[in-house]
>>> print(open('query_2.csv').read())   # CSV, C-alpha atoms
chain,number,residue,atom,x,y,z
A,1,MET,CA,22.4,-8.4,-11.8
A,2,SER,CA,19.0,-10.0,-12.1
A,3,THR,CA,17.6,-12.4,-9.5
A,4,THR,CA,14.3,-14.2,-9.1
A,5,VAL,CA,12.8,-14.3,-5.6
A,6,PRO,CA,9.7,-16.4,-4.5
A,7,ILE,CA,7.3,-14.4,-2.4
A,8,SER,CA,5.3,-16.1,0.4
A,9,THR,CA,3.0,-15.1,3.2
A,10,ALA,CA,6.0,-14.1,5.3
A,11,PRO,CA,8.0,-11.0,4.5
A,12,THR,CA,10.9,-11.9,2.3
A,13,VAL,CA,13.9,-9.7,1.6
A,14,ILE,CA,14.1,-9.0,-2.1
A,15,TYR,CA,16.7,-6.3,-2.3
A,16,SER,CA,19.6,-5.2,-0.2
A,17,PRO,CA,21.5,-2.1,-1.3
A,18,GLN,CA,25.3,-2.7,-1.8
A,19,ALA,CA,28.1,-0.2,-1.9
A,20,HIS,CA,28.0,-0.2,-5.7
A,21,THR,CA,24.3,-0.4,-6.3
A,22,SER,CA,21.6,2.1,-5.5
A,23,THR,CA,18.9,1.4,-8.0
A,24,ALA,CA,16.4,-1.5,-7.9
A,25,ILE,CA,13.9,-2.5,-10.6
A,26,ILE,CA,11.4,-5.0,-9.3
A,27,THR,CA,8.8,-6.7,-11.5
A,28,ASN,CA,6.0,-8.8,-10.1
A,29,ALA,CA,6.3,-11.8,-12.3
A,30,GLY,CA,3.5,-13.7,-10.5
A,31,THR,CA,-0.2,-13.7,-11.0
A,32,SER,CA,-1.4,-11.8,-7.9
A,33,THR,CA,-0.7,-8.6,-6.1
A,34,ILE,CA,2.3,-8.5,-3.7
A,35,PHE,CA,3.1,-5.8,-1.1
A,36,LEU,CA,6.4,-4.1,-0.7
A,37,GLY,CA,7.8,-2.5,2.4
A,38,GLN,CA,10.0,-3.1,5.4
A,39,SER,CA,10.7,-6.3,7.4
A,40,GLY,CA,7.3,-6.1,9.1
A,41,VAL,CA,5.3,-5.4,6.0
A,42,THR,CA,1.8,-6.9,5.6
A,43,ALA,CA,-0.8,-6.7,2.9
A,44,ALA,CA,-2.4,-3.9,4.9
A,45,THR,CA,0.7,-1.8,5.3
A,46,GLY,CA,2.8,-2.3,2.2
A,47,LEU,CA,2.8,-0.7,-1.3
A,48,PRO,CA,0.8,-2.9,-3.6
A,49,LEU,CA,2.5,-4.1,-6.8
A,50,ALA,CA,0.0,-5.8,-9.1
A,51,ALA,CA,0.9,-8.7,-11.4
A,52,GLY,CA,3.0,-7.5,-14.3
A,53,GLN,CA,3.7,-4.1,-12.7
A,54,THR,CA,7.3,-2.9,-12.2
A,55,ILE,CA,8.6,-0.5,-9.6
A,56,GLN,CA,11.9,1.4,-10.1
A,57,LEU,CA,13.6,2.8,-6.9
A,58,LEU,CA,16.4,5.3,-7.3
A,59,ASP,CA,19.0,6.0,-4.7
A,60,THR,CA,17.5,3.5,-2.3
A,61,THR,CA,19.5,2.9,0.9
A,62,VAL,CA,17.4,0.4,2.7
A,63,SER,CA,16.5,-3.3,2.3
A,64,LEU,CA,13.2,-4.0,0.7
A,65,TYR,CA,10.8,-6.8,1.6
A,66,ALA,CA,7.8,-8.3,0.0
A,67,VAL,CA,4.8,-10.3,1.1
A,68,SER,CA,2.2,-12.1,-0.9
A,69,GLY,CA,-1.1,-10.5,-1.5
A,70,LEU,CA,-4.6,-11.3,-0.7
A,71,ALA,CA,-6.9,-13.4,-2.8
A,72,SER,CA,-10.4,-13.1,-1.5
A,73,VAL,CA,-12.7,-12.5,1.4
A,74,ALA,CA,-13.1,-15.7,3.4
A,75,SER,CA,-14.5,-16.9,6.7
A,76,PRO,CA,-15.0,-15.4,9.2
A,77,THR,CA,-17.3,-12.7,7.9
A,78,ASP,CA,-19.6,-10.4,9.8
A,79,THR,CA,-21.7,-7.2,9.7
A,80,LEU,CA,-21.5,-4.0,11.7
A,81,SER,CA,-24.4,-3.7,14.1
A,82,ALA,CA,-23.4,-0.2,15.1
A,83,ASP,CA,-21.9,2.7,13.2
A,84,ALA,CA,-18.1,2.9,13.4
A,85,SER,CA,-16.0,6.1,13.1
A,86,ALA,CA,-12.6,6.9,11.7
A,87,SER,CA,-9.9,6.2,14.4
A,88,ASP,CA,-12.1,3.7,16.2
A,89,THR,CA,-10.3,0.5,17.2
A,90,ALA,CA,-13.2,-1.9,17.4
A,91,LEU,CA,-16.1,-3.1,15.2
A,92,THR,CA,-19.4,-3.8,16.9
A,93,VAL,CA,-21.2,-6.9,15.8
A,94,ALA,CA,-24.3,-8.7,17.0
A,95,SER,CA,-22.4,-12.0,17.3
A,96,GLY,CA,-19.5,-13.9,16.0
A,97,GLY,CA,-16.8,-11.4,16.9
A,98,ALA,CA,-14.7,-13.8,18.7
A,99,SER,CA,-14.0,-15.7,15.5
A,100,PHE,CA,-11.7,-12.8,14.5
A,101,THR,CA,-8.3,-13.6,16.0
A,102,ALA,CA,-5.2,-11.4,16.4
A,103,GLY,CA,-3.2,-11.0,13.2
A,104,MET,CA,-6.1,-11.6,10.8
A,105,ILE,CA,-6.3,-9.1,8.0
A,106,VAL,CA,-9.8,-7.9,7.4
A,107,PHE,CA,-11.4,-6.2,4.5
A,108,ILE,CA,-14.2,-3.8,5.2
A,109,GLU,CA,-16.3,-3.6,2.1
A,110,ASP,CA,-17.8,-0.1,2.0
A,111,GLY,CA,-17.6,1.4,-1.5
A,112,ASN,CA,-15.1,4.2,-1.8
A,113,SER,CA,-14.4,4.0,1.9
A,114,SER,CA,-13.4,0.3,1.8
A,115,GLU,CA,-10.3,-0.4,3.8
A,116,VAL,CA,-8.1,-3.1,5.2
A,117,VAL,CA,-7.4,-3.4,9.0
A,118,THR,CA,-5.6,-5.9,11.2
A,119,VAL,CA,-7.3,-7.7,14.0
A,120,GLY,CA,-5.8,-7.2,17.5
A,121,ALA,CA,-6.0,-9.3,20.6
A,122,GLY,CA,-9.1,-9.3,22.8
A,123,SER,CA,-12.0,-9.6,20.4
A,124,THR,CA,-15.3,-10.7,22.0
A,125,GLY,CA,-18.6,-12.0,20.6
A,126,THR,CA,-19.8,-8.5,20.0
A,127,SER,CA,-16.6,-6.6,19.5
A,128,VAL,CA,-13.8,-7.1,17.0
A,129,VAL,CA,-10.5,-5.4,18.0
A,130,ILE,CA,-8.8,-3.8,15.1
A,131,SER,CA,-6.1,-1.3,14.0
A,132,ALA,CA,-7.5,2.2,13.8
A,133,LEU,CA,-10.1,2.9,11.1
A,134,GLN,CA,-9.3,5.4,8.4
A,135,PHE,CA,-12.9,6.0,7.5
A,136,ASP,CA,-16.4,6.0,9.0
A,137,HIS,CA,-18.6,3.0,8.3
A,138,ALA,CA,-22.4,2.6,8.8
A,139,THR,CA,-24.4,-0.1,10.4
A,140,GLY,CA,-24.9,-2.9,8.0
A,141,VAL,CA,-21.5,-2.7,6.3
A,142,LYS,CA,-20.0,-6.2,5.8
A,143,PHE,CA,-16.4,-7.2,6.5
A,144,GLY,CA,-14.4,-10.4,6.4
A,145,GLN,CA,-11.0,-12.0,6.6
A,146,LEU,CA,-8.9,-11.6,3.5
A,147,ALA,CA,-7.4,-14.9,2.5
A,148,ARG,CA,-3.8,-14.8,1.3
A,149,SER,CA,-2.9,-15.9,-2.1
A,150,ALA,CA,-0.6,-18.9,-2.5
A,151,GLY,CA,2.4,-16.6,-3.1
A,152,GLY,CA,4.2,-15.0,-6.0
A,153,VAL,CA,7.5,-14.3,-7.6
A,154,VAL,CA,9.5,-11.2,-8.4
A,155,THR,CA,12.4,-10.5,-10.5
A,156,VAL,CA,14.9,-8.0,-9.2
A,157,VAL,CA,17.5,-6.0,-11.1
A,158,SER,CA,19.9,-3.9,-9.2
A,159,GLY,CA,22.4,-1.4,-10.5
A,160,THR,CA,23.9,2.0,-10.1
B,1,MET,CA,14.5,7.8,-15.1
B,2,ALA,CA,10.9,8.9,-15.4
B,3,ILE,CA,9.9,12.5,-14.9
B,4,PHE,CA,6.5,14.0,-14.3
B,5,ALA,CA,4.1,14.5,-17.1
B,6,SER,CA,3.2,18.1,-17.4
B,7,GLY,CA,0.5,19.4,-15.0
B,8,SER,CA,0.0,16.2,-13.1
B,9,VAL,CA,1.8,16.7,-9.9
B,10,GLN,CA,0.2,16.6,-6.5
B,11,THR,CA,2.3,18.0,-3.6
B,12,THR,CA,1.5,16.9,-0.1
B,13,THR,CA,2.9,17.3,3.4
B,14,VAL,CA,3.1,13.9,4.9
B,15,THR,CA,2.9,13.5,8.7
B,16,THR,CA,2.8,10.7,11.3
B,17,GLY,CA,-0.7,9.9,10.3
B,18,ALA,CA,-1.5,8.1,7.1
B,19,THR,CA,-1.7,10.9,4.5
B,20,LYS,CA,-3.2,10.6,1.0
B,21,ILE,CA,-0.4,11.5,-1.4
B,22,PHE,CA,-2.1,10.5,-4.7
B,23,ASP,CA,-5.8,11.3,-5.1
B,24,THR,CA,-7.3,9.7,-8.1
B,25,THR,CA,-10.2,12.1,-7.9
B,26,SER,CA,-8.0,15.2,-8.2
B,27,SER,CA,-9.2,18.0,-10.5
B,28,LEU,CA,-5.8,17.8,-12.2
B,29,TYR,CA,-7.3,15.0,-14.3
B,30,ALA,CA,-10.2,15.0,-16.8
B,31,THR,CA,-13.2,12.9,-16.2
B,32,GLY,CA,-12.6,9.5,-17.5
B,33,ALA,CA,-8.9,9.9,-17.8
B,34,LEU,CA,-6.7,6.8,-17.4
B,35,LEU,CA,-4.0,7.5,-14.9
B,36,THR,CA,-0.9,5.4,-15.7
B,37,ASN,CA,2.6,5.1,-14.4
B,38,VAL,CA,3.0,7.1,-11.2
B,39,THR,CA,6.2,8.7,-9.9
B,40,ILE,CA,6.7,9.6,-6.2
B,41,VAL,CA,9.5,11.9,-5.1
B,42,ASN,CA,10.3,12.7,-1.4
B,43,THR,CA,11.3,16.3,-1.7
B,44,GLY,CA,11.4,16.8,2.1
B,45,THR,CA,13.9,16.1,4.8
B,46,VAL,CA,12.7,13.0,6.5
B,47,ALA,CA,11.9,9.5,5.3
B,48,CYS,CA,8.3,8.4,4.7
B,49,HIS,CA,6.7,5.1,4.0
B,50,VAL,CA,4.4,4.5,1.1
B,51,GLY,CA,1.4,2.2,0.8
B,52,ILE,CA,-2.4,2.2,0.9
B,53,ALA,CA,-4.9,3.8,3.3
B,54,SER,CA,-3.8,1.5,6.1
B,55,VAL,CA,-0.1,2.2,5.6
B,56,THR,CA,2.2,2.1,8.6
B,57,THR,CA,5.9,2.6,9.1
B,58,THR,CA,6.4,-0.9,7.7
B,59,GLY,CA,5.4,0.4,4.3
B,60,LEU,CA,7.9,1.0,1.5
B,61,THR,CA,10.6,3.5,2.7
B,62,LEU,CA,11.3,6.5,0.6
B,63,GLY,CA,14.1,8.6,2.0
B,64,PRO,CA,14.7,12.3,1.5
B,65,GLY,CA,15.5,12.9,-2.2
B,66,GLN,CA,14.6,9.4,-3.2
B,67,GLN,CA,12.2,8.6,-6.0
B,68,LEU,CA,10.2,5.6,-7.2
B,69,THR,CA,8.1,4.9,-10.2
B,70,ILE,CA,5.4,2.3,-10.6
B,71,TYR,CA,5.2,1.1,-14.2
B,72,GLY,CA,1.9,-0.5,-15.0
B,73,TYR,CA,-0.1,1.5,-12.5
B,74,SER,CA,-3.4,2.1,-14.2
B,75,HIS,CA,-6.6,3.5,-12.7
B,76,VAL,CA,-9.4,5.5,-14.2
B,77,LYS,CA,-9.9,8.9,-12.6
B,78,GLY,CA,-12.1,8.4,-9.5
B,79,ASP,CA,-11.1,4.8,-8.9
B,80,THR,CA,-10.1,5.4,-5.3
B,81,THR,CA,-8.5,1.9,-5.0
B,82,GLY,CA,-5.6,3.6,-6.8
B,83,ASP,CA,-5.1,6.2,-4.1
B,84,LEU,CA,-1.7,6.1,-2.5
B,85,TYR,CA,-0.8,7.1,1.1
B,86,ALA,CA,2.4,7.8,3.1
B,87,ILE,CA,3.3,8.2,6.7
B,88,THR,CA,6.4,9.3,8.6
B,89,ASN,CA,8.1,7.9,11.7
B,90,SER,CA,8.3,11.4,13.1
B,91,GLY,CA,8.1,14.9,11.8
B,92,SER,CA,6.8,15.7,8.4
B,93,THR,CA,8.1,15.7,4.8
B,94,THR,CA,6.9,16.9,1.4
B,95,VAL,CA,6.1,14.4,-1.3
B,96,GLU,CA,5.4,15.1,-4.9
B,97,VAL,CA,3.4,12.5,-6.9
B,98,GLY,CA,2.4,12.6,-10.5
B,99,LEU,CA,1.9,10.7,-13.6
B,100,ALA,CA,5.2,9.8,-15.2
B,101,THR,CA,6.7,10.0,-18.5
B,102,VAL,CA,8.0,6.5,-19.3
B,103,ASP,CA,11.5,5.5,-20.3
B,104,ALA,CA,12.0,3.4,-23.3
B,105,THR,CA,13.3,0.7,-21.0
B,106,VAL,CA,13.3,0.3,-17.2
>>> encode(input="query_2.csv", output="structure tokens")
Amino acid sequence: MSTTVPISTAPTVIYSPQAHTSTAIITNAGTSTIFLGQSGVTAATGLPLAAGQTIQLLDTTVSLYAVSGLASVASPTDTLSADASASDTALTVASGGASFTAGMIVFIEDGNSSEVVTVGAGSTGTSVVISALQFDHATGVKFGQLARSAGGVVTVVSGT
Amino acid sequence: MAIFASGSVQTTTVTTGATKIFDTTSSLYATGALLTNVTIVNTGTVACHVGIASVTTTGLTLGPGQQLTIYGYSHVKGDTTGDLYAITNSGSTTVEVGLATVDATV
């Protein structure tokens, strides 16, 4: 059975295993990357599936969700004014930190150590609260909010 | 069902912290190699969740014994944007990741 599912900025269930089905073949038929995972999936936490890519899941027993990807870095943007270390949960900036609000997805542009974090509550002008860093980042590294794409579409084939 | 291409498998113990399970810089691959079509198999005993460096337990769930293949995955050796990570809810599991042979159809 094949179905087409539109993908938006909110996690959408795209596959639910049935008693007689255990294999899912999912193709990103849109034009931008989507992210696969559980009901709370975000672009920071899911498995990316680029446009045109297909993922085949064997013997899957859980529902699968997808959320639309991220198009570009957008306002607000800022620059580290102090070094940050892996596992830190805040970014120090000279000013403008309060523009980053809870739930924003932020891209830290740092070469091979680039990463995506989620903004938490409580940012101030000089400190942006984030989910824990995976990598160290030096003073001067730039970061900014990732704007979501308009959405996408997947085709899902389920079988045994 | 895809299987691993010869000599390409990376075996990793995944824990409750985001763990890199596919390293595009691995010495398994020649300089300049194009890494395509990745298969991930959870050979351990607890579920894990697959994603990128910031993966959490909301990532794509791969239960014990389960397998997924990403067709169209394509990164040159050393392109770390192609690195894949996994995490467990609790405990640890073993994951094998490697380049896949490709079925005639999927």
>>> closest_atom_pairs(input="query_2.csv", of="chain B", to="chain A", cutoff="6 Å", atoms="all atoms listed in the file", output="JSON lines")
{"residue": "B:Val50", "atom": "CA", "partner": "A:Leu47", "partner_atom": "CA", "distance": 5.9}
{"residue": "B:Gly51", "atom": "CA", "partner": "A:Leu47", "partner_atom": "CA", "distance": 3.8}
{"residue": "B:Ser54", "atom": "CA", "partner": "A:Thr45", "partner_atom": "CA", "distance": 5.6}
{"residue": "B:Val55", "atom": "CA", "partner": "A:Thr45", "partner_atom": "CA", "distance": 4.1}
{"residue": "B:Thr56", "atom": "CA", "partner": "A:Thr45", "partner_atom": "CA", "distance": 5.3}
{"residue": "B:Thr58", "atom": "CA", "partner": "A:Gln38", "partner_atom": "CA", "distance": 4.8}
{"residue": "B:Gly59", "atom": "CA", "partner": "A:Gly37", "partner_atom": "CA", "distance": 4.2}
{"residue": "B:Leu60", "atom": "CA", "partner": "A:Gly37", "partner_atom": "CA", "distance": 3.6}
{"residue": "B:Gln66", "atom": "CA", "partner": "A:Asp59", "partner_atom": "CA", "distance": 5.8}
{"residue": "B:Gln67", "atom": "CA", "partner": "A:Leu58", "partner_atom": "CA", "distance": 5.5}
{"residue": "B:Leu68", "atom": "CA", "partner": "A:Leu57", "partner_atom": "CA", "distance": 4.4}
{"residue": "B:Thr69", "atom": "CA", "partner": "A:Gln56", "partner_atom": "CA", "distance": 5.2}
{"residue": "B:Ile70", "atom": "CA", "partner": "A:Ile55", "partner_atom": "CA", "distance": 4.4}
{"residue": "B:Tyr71", "atom": "CA", "partner": "A:Thr54", "partner_atom": "CA", "distance": 4.9}
{"residue": "B:Gly72", "atom": "CA", "partner": "A:Gln53", "partner_atom": "CA", "distance": 4.6}
>>> closest_residue(input="query_2.csv", among="A:Ala102, A:Val153, A:Ala90, A:Thr9", to="Asn28 of chain A", atoms="all atoms listed in the file")
A:Val153
>>> closest_residue(input="query_2.csv", among="A:Gly120, A:Gly125, A:Gly144, A:Pro76", to="Gly96 of chain A", atoms="all atoms listed in the file")
A:Gly125
>>> closest_residue(input="query_2.csv", among="A:Ser81, A:Gln145, A:Thr33, A:Ser2", to="Ile108 of chain A", atoms="all atoms listed in the file")
A:Gln145
>>> atom_distance(input="query_2.csv", atom1="atom CA of Val67 of chain A", atom2="atom CA of Val119 of chain A")
17.9 Å
>>> atom_distance(input="query_2.csv", atom1="atom CA of Ala94 of chain A", atom2="atom CA of Phe143 of chain A")
13.2 Å
>>> closest_residue(input="query_2.csv", among="A:Ile34, A:Ser16, A:Phe107, A:Gly140", to="Ala74 of chain A", atoms="only C-alpha atoms")
A:Phe107
>>> build_atoms(input="query_2.csv", residues="segment 31-49 of chain B", atoms="N, CA and C atoms", output="PDB file, keeping the file's coordinate frame")
ATOM      1  N   THR B  31     -12.306  14.017 -16.426  1.00  0.00           N
ATOM      2  CA  THR B  31     -13.200  12.900 -16.200  1.00  0.00           C
ATOM      3  C   THR B  31     -12.970  11.800 -17.210  1.00  0.00           C
ATOM      4  N   GLY B  32     -12.856  10.601 -16.673  1.00  0.00           N
ATOM      5  CA  GLY B  32     -12.600   9.500 -17.500  1.00  0.00           C
ATOM      6  C   GLY B  32     -11.181   9.211 -17.898  1.00  0.00           C
ATOM      7  N   ALA B  33     -10.292  10.084 -17.416  1.00  0.00           N
ATOM      8  CA  ALA B  33      -8.900   9.900 -17.800  1.00  0.00           C
ATOM      9  C   ALA B  33      -8.306   8.649 -17.175  1.00  0.00           C
ATOM     10  N   LEU B  34      -7.430   8.017 -17.919  1.00  0.00           N
ATOM     11  CA  LEU B  34      -6.700   6.800 -17.400  1.00  0.00           C
ATOM     12  C   LEU B  34      -5.400   7.281 -16.847  1.00  0.00           C
ATOM     13  N   LEU B  35      -5.231   7.044 -15.566  1.00  0.00           N
ATOM     14  CA  LEU B  35      -4.000   7.500 -14.900  1.00  0.00           C
ATOM     15  C   LEU B  35      -3.028   6.338 -14.855  1.00  0.00           C
ATOM     16  N   THR B  36      -1.910   6.533 -15.507  1.00  0.00           N
ATOM     17  CA  THR B  36      -0.900   5.400 -15.700  1.00  0.00           C
ATOM     18  C   THR B  36       0.448   5.884 -15.248  1.00  0.00           C
ATOM     19  N   ASN B  37       1.225   4.930 -14.754  1.00  0.00           N
ATOM     20  CA  ASN B  37       2.600   5.100 -14.400  1.00  0.00           C
ATOM     21  C   ASN B  37       2.865   6.315 -13.514  1.00  0.00           C
ATOM     22  N   VAL B  38       2.917   6.030 -12.226  1.00  0.00           N
ATOM     23  CA  VAL B  38       3.000   7.100 -11.200  1.00  0.00           C
ATOM     24  C   VAL B  38       4.430   7.167 -10.663  1.00  0.00           C
ATOM     25  N   THR B  39       4.897   8.398 -10.523  1.00  0.00           N
ATOM     26  CA  THR B  39       6.200   8.700  -9.900  1.00  0.00           C
ATOM     27  C   THR B  39       5.992   9.378  -8.573  1.00  0.00           C
ATOM     28  N   ILE B  40       6.731   8.956  -7.564  1.00  0.00           N
ATOM     29  CA  ILE B  40       6.700   9.600  -6.200  1.00  0.00           C
ATOM     30  C   ILE B  40       8.076  10.050  -5.878  1.00  0.00           C
ATOM     31  N   VAL B  41       8.193  11.306  -5.469  1.00  0.00           N
ATOM     32  CA  VAL B  41       9.500  11.900  -5.100  1.00  0.00           C
ATOM     33  C   VAL B  41       9.341  12.469  -3.673  1.00  0.00           C
ATOM     34  N   ASN B  42      10.232  12.068  -2.784  1.00  0.00           N
ATOM     35  CA  ASN B  42      10.300  12.700  -1.400  1.00  0.00           C
ATOM     36  C   ASN B  42      11.171  13.893  -1.521  1.00  0.00           C
ATOM     37  N   THR B  43      10.576  15.057  -1.565  1.00  0.00           N
ATOM     38  CA  THR B  43      11.300  16.300  -1.700  1.00  0.00           C
ATOM     39  C   THR B  43      11.604  16.938  -0.338  1.00  0.00           C
ATOM     40  N   GLY B  44      11.206  16.275   0.736  1.00  0.00           N
ATOM     41  CA  GLY B  44      11.400  16.800   2.100  1.00  0.00           C
ATOM     42  C   GLY B  44      12.666  16.348   2.724  1.00  0.00           C
ATOM     43  N   THR B  45      12.665  16.386   4.030  1.00  0.00           N
ATOM     44  CA  THR B  45      13.900  16.100   4.800  1.00  0.00           C
ATOM     45  C   THR B  45      13.872  14.928   5.684  1.00  0.00           C
ATOM     46  N   VAL B  46      12.734  14.248   5.758  1.00  0.00           N
ATOM     47  CA  VAL B  46      12.700  13.000   6.500  1.00  0.00           C
ATOM     48  C   VAL B  46      12.104  11.901   5.690  1.00  0.00           C
ATOM     49  N   ALA B  47      12.397  10.672   6.054  1.00  0.00           N
ATOM     50  CA  ALA B  47      11.900   9.500   5.300  1.00  0.00           C
ATOM     51  C   ALA B  47      10.397   9.366   5.512  1.00  0.00           C
ATOM     52  N   CYS B  48       9.745   8.803   4.516  1.00  0.00           N
ATOM     53  CA  CYS B  48       8.300   8.400   4.700  1.00  0.00           C
ATOM     54  C   CYS B  48       8.173   7.000   4.158  1.00  0.00           C
ATOM     55  N   HIS B  49       6.996   6.461   4.396  1.00  0.00           N
ATOM     56  CA  HIS B  49       6.700   5.100   4.000  1.00  0.00           C
ATOM     57  C   HIS B  49       5.429   5.084   3.196  1.00  0.00           C
TER      58      HIS B  49
END
